[in-house]
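Participant: Can you keep this structure in mind? I'll have questions shortly.
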Amino acid sequence: MTQLTQHTVDFGASDFPLSADQEKALPAPALHVPITLGAVSLGYNLPGIQSGLKLTGDVLAGIYLGDIKNWNDQKIASLNPDLKLPNTPIAVVHRSEGSGTTFIFTSYLSAVSDTWKTKVGASGSVNWPVGIGAKGSEGVAGQVKQVPGGIGYFELAYSKQNNISYATVQNKDGKFVEPSVAGASAAAAGAAGNMPADLKAVFPNPAGADVYPISGFSWVIVYQAQADQNKGIALAQLLDWMVTDGQKLGADLFYAPLPDQVVTLDRAQIRKITFQGKPLLS
Amino acid sequence: MSTLGVAAPPRPAGVRLLRRRLLDRVMSALLLIVTVLLLLLLAVIVGYIVVRGASAINFDFFVQLPKPVGAVGGGVANALLGTVELILLASCLGVPIGILGGVYLAEFGDNPVADLVSFMADVLAGIPSIVIGIFAYAVVVIPMHRFSALAGGFALGILMVPIIMRTSVGILRLVPATLREASLALGASERATILRVVLPAATGGIVTGVMLAIARVAGETAPLLFTAFGNEYWQFSVDKATAALPLQIFQYAISPYADWQAKAWAGSLVLIVLVVLTSLMARLATRNASVGLGRQR
Amino acid sequence: MAATTEYGPRGSDVTLTEAARDVLRRAVGSRTGTAGDVGFRVLTLLCALAILAVVLGVAVVLVLQSGLSLHTFGWSFLVNRTWDPVAKKFGALPFIYGSVVTSAVALILATPLGLAVALYLTEAAPRPLRAPLAFGAELLAAIPSVVYGLWGIFVLVPVLRSVVEPALGHVLGFLPVFSGPAYGVGLLAGGCIIAIMIVPTIIAISRDVIAAVPQAQREAAYALGATRWEVISGAVLPFGASGIIGAVVLALGRAIGETMAVTMVIGNNHDISASVFGLGDTLASVIANEFAEAADRLYLSTLVEVGLVLFGVTIILNIIARLLVWRVARGNVGATV
């Protein structure tokens with residue numbers, strides 16, 4: 001975001017829609033264009049437990065609040081009776097700097113835990129009660145991989161690329177769902193029907209049987225008025241492609257395609273990009 | 001058996017001496033052991049870097065750009081170029097000010113202002129480099145509205161000044177007074193004496209000082225975090241964000257990818273080689289402390 | 001014309017015959033006081049003064065840029081524990097704590113080590129070994145911080161996590177300072193890595209201080225029959241005590257300013273932990289982590305204020321150290337380290 005404000009880049013990408021204050025801080029009005037959809041996985045490092053760890057929102061909040069300190073705590077064990085949880089302290093890992101992934105995760109925690117909501121809240125950068133801070137999702141994944149007993153949140157792609165085991169999370173309907181493309185799409189389905197005008201929708205813990213509850217949009221943030229006509233047209237065409245044909249490529253990195261209603265709204269949004277007052281695409 | 005009223009005789013001198021000698025031996029051994037431990041530590045650190053770094057160094061490392069996140073292969077060519085760029089910019093600022101300031105302290109320095117400057121140079125050298133980075137951010141990045149190589153070079157240049165000034169003063173003071181006096185006696189002006197006689201005599205030492213400053217500054221990361229900022233691509237203009245080797249090492253070191261971590265070791269090896277070479281050169285240069293004589297053009 | 005030739009020290013007049021003077025003047029121009037000379041002197045003076053300008057400039061800029069934070073929080077900034085970008089409440093106490101603890105650990109480890117090596121180098125080492133050993137210490141000083149951090153992540157932290165911290169916890173775990181789970185990263189790791197980095201500073205300055213102790217002191221002690229250790233402990237160390245303290249203070253200044261290596265091994269947690277196994281942050285590491293992405297003006301100005309605190313503390317420590325060292329060993333002592 002710093003770079004977009006500084007015009008070092010032509011568009012910014014974020015999992016975190018800009019707040020009103022942040023939009024005011026930009027030198028010119030900007031448009032949010034959701035371009036993809038992703039699931040935030042909870043990766044963990046428990047030697048011997050490759051998969052099958054079940055967690056609920058309550059337990060996750062407890063872990064990240066520092067109330068649940070050990071892996072064989074009763075609360076975790078009762079969810080996973082068939083797993084032999086070790087007597088290892090939980091090494092909580094989170095982002096050390098501001099991040100959209102943090103926003104998605106803390107929005108979820110705020111939705112499922114009132115204690116979290118009042119004590120910490122949801123934002124790109126929060127006052128974490130406990131945990132190791134690491135820079136970037138790679139940093140969090142790195143720490144989780146290195147520290148036995150570690151747990152951290154990062155996009156599904158990082159778990160898959162680094163062979164980090166991830167947990168299934170209980171959704172609002174009570175089912176334990178894996179982070180996946182399907183789970184994220186299901187999560188967005190409800191929100192797709194009720195998108196706000198500025199397209200800055202977040203949907204923590206929505207209802208639905210197949211929903212993976214910790215999912216969110218990723219937005220491209222671009223200035224509405226472009227300074228360079230050729231660049232502006234190229235940008236608009238790129239964005240148009242990204243929300244239509246480009247959606248197929250997201251699957252390789254475990255990103256989910258946008259719901260159709262969102263694509264339609266996106267294309268209308270892209271046509272709001274102007275050069276000298278005239279829309280660049282029709 | 002003591003006779004009545006007389007205290008036991010003091011311990012014979014021999015035992016006390018033995019005790020003192022023992023203490024001396026023990027302490028001397030301790031000093032030696034500690035020194036050996038420190039050398040061992042140095043060996044472990046450098047050894048680790050050499051071993052892990054050497055296995056990751058290949059031709060690609062030096063000439064290719066970084067591949068996308070998670071992909072294996074590629075190199076850090078842009079970071080190497082960026083570091084060279086930053087060093088050049090920093091030298092434009094640091095070398096002239098450092099040398100000329102050193103000339104002032106060495107040649108005209110018998111006054112309170114010079115003492116203050118000398119003291120302040122040490123103070124400046126002691127300011128954490130990240131604070132200098134904040135300074136560069138406020139003075140260069142904010143007015144320019146962007147991260148840039150200029151900002152990074154500015155910060156690094158400031159870091160170079162006290163080092164170069166300090167070594168220049170030291171070398172210039174070693175130039176024999178007779179050389180100056182001979183030049184002045186021949187009627188040369190003060191300025192000509194310094195520029196045409198003293199400085200050329202001190203060239204070797206000054207160059208070594210500059211190289212030491214460069215080696216020191218090439219490894220600086222903290223001030224670059226928010227001045228040069230880093231970049232994934234080739235970047236040839238000085239007013240945009242630039243990659244740099246230490247920034248790349250930092251980013252790769254904290255990542256989970258084995259390939260990136262290996263590159264971090266390789267980058268560290270490059271920096272270590274630079275540092276060792278310049279330190280060796282500095283050592284050898286100051287060993288030949290007879291500056292000036294025999295180096296006439 | 002009378003011909004007097006008086007050769008005086010540099011800067012004083014040499015008197016020649018008029019004719020000789022004319023010849024010389026035509027050949028090389030006049031000696032001092034020309035515009036060229038004055039200009040050159042001014043140029044070098046300006047360059048020297050640039051140092052003053054930079055130091056002053058840094059101070060001014062830091063104060064100005066942290067104005068918003070200074071205004072909003074005042075002195076409470078230094079004693080508040082909360083660092084909450086969401087609620088916009090910022091207090092730097094956890095970082096001050098982190099800096100103090102890691103520096104304390106570093107000094108406790110590095111001072112005996114550095115002093116011992118310095119003593120060995122100056123008093124006990126065989127002559128041919130002195131230069132290579134000193135070179136080894138210089139090398140330690142020259143390794144960049146980020147490289148130490150890398151080594152710390154992959155060598156030091158695992159060793160701490162699997163060997164040292166469990167051992168300490170086993171033996172001394174009843175003390176709150178050694179309690180808690182062993183992550184490897186944390187305040188102890190930060191302290192250890194800083195210790196390695198400041199040992200060369202202590203060695204270099206202690207060496208100069210010890211070398212400045214007059215040989216007469218040593219010889220007198222030897223003459224009285226002292227053993228080598230007694231000479232060191234009775235004659236050399238007391239004489240150089242204030243200088244060695246100066247070395248320690250200087251090393252402390254460096255310790256507080258260390259950034260990259262610390263950031264990479266300290267765990268980056270905004271909390272105060274009683275145990276050294278716990279996670280934390282230092283003044284320098286919080287700036288390194290959060291400055292580039294600090295989105296709003298208040299957040300940025302609080303980070304600049306943290307930098308101001310860092311600046312003030314290191315300057316004061318540096319001044320104290322230089323004064324202490326200068327008293328014992330005048331001149332350019334260990335200044336390049």
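How things are named: the first chain in the structure tokens is A, the next is B, and so on; residues count from 1 in each chain; ligands count from 1 in the order shown.
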Within 6 Å of chain C, which residues of chain B show up when using only C-alpha atoms, listed as a ChimeraX atom specification?
Facilitator: /B:24,31,35,97,100-101,104,128,131,135,187-191,219,226,253,268
Participant: If you keep N, CA and C atoms, can you produce a file of those selected residues as a short mmCIF file (atom, residue, chain, number, x, y, z; two decimals), in the first residue's frame?
Facilitator:
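Output saved as out_24.cif:
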data_model
loop_
_atom_site.label_atom_id
_atom_site.label_comp_id
_atom_site.auth_asym_id
_atom_site.auth_seq_id
_atom_site.Cartn_x
_atom_site.Cartn_y
_atom_site.Cartn_z
N ASP B 24 48.33 -18.55 39.22
CA ASP B 24 48.84 -17.95 38.00
C ASP B 24 48.66 -18.91 36.83
N LEU B 31 42.73 -17.92 30.45
CA LEU B 31 42.78 -16.90 29.40
C LEU B 31 42.99 -17.57 28.05
N THR B 35 40.36 -17.70 24.85
CA THR B 35 40.75 -17.22 23.52
C THR B 35 40.53 -18.30 22.48
N ILE B 97 33.73 13.70 1.25
CA ILE B 97 33.58 14.34 2.56
C ILE B 97 34.52 13.69 3.57
N LEU B 100 38.34 14.69 2.60
CA LEU B 100 38.62 16.11 2.83
C LEU B 100 38.47 16.48 4.30
N GLY B 101 37.47 15.88 4.96
CA GLY B 101 37.34 16.12 6.39
C GLY B 101 38.56 15.61 7.13
N TYR B 104 41.33 17.99 6.75
CA TYR B 104 41.21 19.13 7.67
C TYR B 104 41.73 18.75 9.06
N PRO B 128 23.05 4.02 15.80
CA PRO B 128 22.62 2.80 15.13
C PRO B 128 22.24 3.09 13.68
N VAL B 131 18.73 4.20 12.75
CA VAL B 131 18.33 5.59 12.99
C VAL B 131 18.76 6.45 11.81
N PHE B 135 16.54 8.84 9.28
CA PHE B 135 16.96 10.17 8.82
C PHE B 135 16.86 10.25 7.29
N GLY B 187 58.77 26.20 -1.83
CA GLY B 187 57.91 27.30 -2.22
C GLY B 187 56.51 26.88 -2.65
N ALA B 188 56.18 25.62 -2.52
CA ALA B 188 54.82 25.22 -2.89
C ALA B 188 53.82 25.77 -1.91
N SER B 189 52.61 26.05 -2.39
CA SER B 189 51.58 26.56 -1.48
C SER B 189 51.07 25.42 -0.63
N GLU B 190 50.40 25.79 0.44
CA GLU B 190 49.81 24.81 1.35
C GLU B 190 48.94 23.83 0.59
N ARG B 191 48.11 24.42 -0.27
CA ARG B 191 47.17 23.60 -1.02
C ARG B 191 47.90 22.64 -1.93
N GLY B 219 27.34 -4.62 3.70
CA GLY B 219 26.55 -5.57 4.45
C GLY B 219 25.43 -4.95 5.25
N PHE B 226 13.79 0.72 4.59
CA PHE B 226 12.77 1.67 4.15
C PHE B 226 13.39 2.84 3.40
N ALA B 253 16.33 -15.51 4.32
CA ALA B 253 16.68 -16.23 5.54
C ALA B 253 15.44 -16.58 6.36
N SER B 268 25.53 -14.67 1.83
CA SER B 268 26.38 -14.40 2.97
C SER B 268 27.83 -14.71 2.65
#
Participant: Based on DSSP run over this structure's backbone, return all residues of range 13-230 of chain A in alpha helix (DSSP H), as a ChimeraX atom specification.
Facilitator: /A:20-25,57-65,74-79,100-112,114-119,136-146,156-161,181-192,229-230
Participant: With a cut-off of 7 Å, could you pull out the residues of chain C touching chain A and give me the nearest pair of atoms for each, distance in Å to one decimal, using only C-alpha atoms, ordered by chain and ascending number, as CSV?
Facilitator:
residue,atom,partner,partner_atom,distance
C:Trp83,CA,A:Asn127,CA,6.2
C:Asp84,CA,A:Asn127,CA,4.7
C:Pro85,CA,A:Val126,CA,6.0
C:Val86,CA,A:Val126,CA,5.8
C:Pro181,CA,A:Pro89,CA,6.4
C:Tyr183,CA,A:Val147,CA,6.8
C:Gly267,CA,A:Ile132,CA,4.7
C:Asn268,CA,A:Gly133,CA,4.5
C:Asn269,CA,A:Ile132,CA,5.7
C:Leu279,CA,A:Ile132,CA,6.8
C:Asn289,CA,A:Glu97,CA,6.3
C:Glu290,CA,A:Glu97,CA,5.4
C:Glu293,CA,A:Gly98,CA,6.3
Participant: For the residues selected in the previous step, produce a file with C-alpha atoms as a PDB file, in the first residue's frame.
Facilitator:
ATOM      1  CA  TRP C  83       1.382  -1.351  21.520  1.00  0.00           C
ATOM      2  CA  ASP C  84      -1.930  -1.505  19.731  1.00  0.00           C
ATOM      3  CA  PRO C  85      -2.143  -0.120  16.192  1.00  0.00           C
ATOM      4  CA  VAL C  86      -5.888  -0.840  16.083  1.00  0.00           C
ATOM      5  CA  PRO C 181       8.657 -23.243  27.163  1.00  0.00           C
ATOM      6  CA  TYR C 183      11.209 -21.991  21.633  1.00  0.00           C
ATOM      7  CA  GLY C 267      10.543 -13.684  18.285  1.00  0.00           C
ATOM      8  CA  ASN C 268       9.026 -10.276  17.622  1.00  0.00           C
ATOM      9  CA  ASN C 269       6.469 -10.140  20.356  1.00  0.00           C
ATOM     10  CA  LEU C 279       9.798 -13.684  23.264  1.00  0.00           C
ATOM     11  CA  ASN C 289       9.807  -4.875  11.425  1.00  0.00           C
ATOM     12  CA  GLU C 290       7.099  -2.285  11.261  1.00  0.00           C
ATOM     13  CA  GLU C 293       4.406  -0.947   6.386  1.00  0.00           C
TER      14      GLU C 293
END
Participant: Could you check which of B:Leu39, B:Ile49, B:Leu277, B:Met144 is closest to chain A, using only C-alpha atoms?
Facilitator: B:Met144
Participant: Find the residue from B:Ala264, B:Ile254, B:Leu212, B:Ala54 that sits nearest to chain A; use only C-alpha atoms when measuring.
Facilitator: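 Ranked by minimum distance to chain A, first place goes to B:Ile254.
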Participant: Show me a table, sorted first by chain and then by increasing residue number, of the residues of chain A having an atom at most 6 Å from chain B, each with its shortest atom pair and the distance in Å to one decimal, counting only C-alpha atoms and written as a Markdown table.
Facilitator:
| residue | atom | partner | partner_atom | distance |
| --- | --- | --- | --- | --- |
| A:Gln6 | CA | B:Arg146 | CA | 5.1 |
| A:Glu138 | CA | B:Ser255 | CA | 4.8 |
| A:Gly139 | CA | B:Ser255 | CA | 4.8 |
| A:Ala141 | CA | B:Pro256 | CA | 5.9 |
| A:Gly142 | CA | B:Pro256 | CA | 3.8 |
Participant: Point out the residue among B:Leu65, B:Val275, B:Ala201, B:Ala151 with the least atom-to-atom distance to Arg216 in chain B, counting only C-alpha atoms.
Facilitator: B:Val275
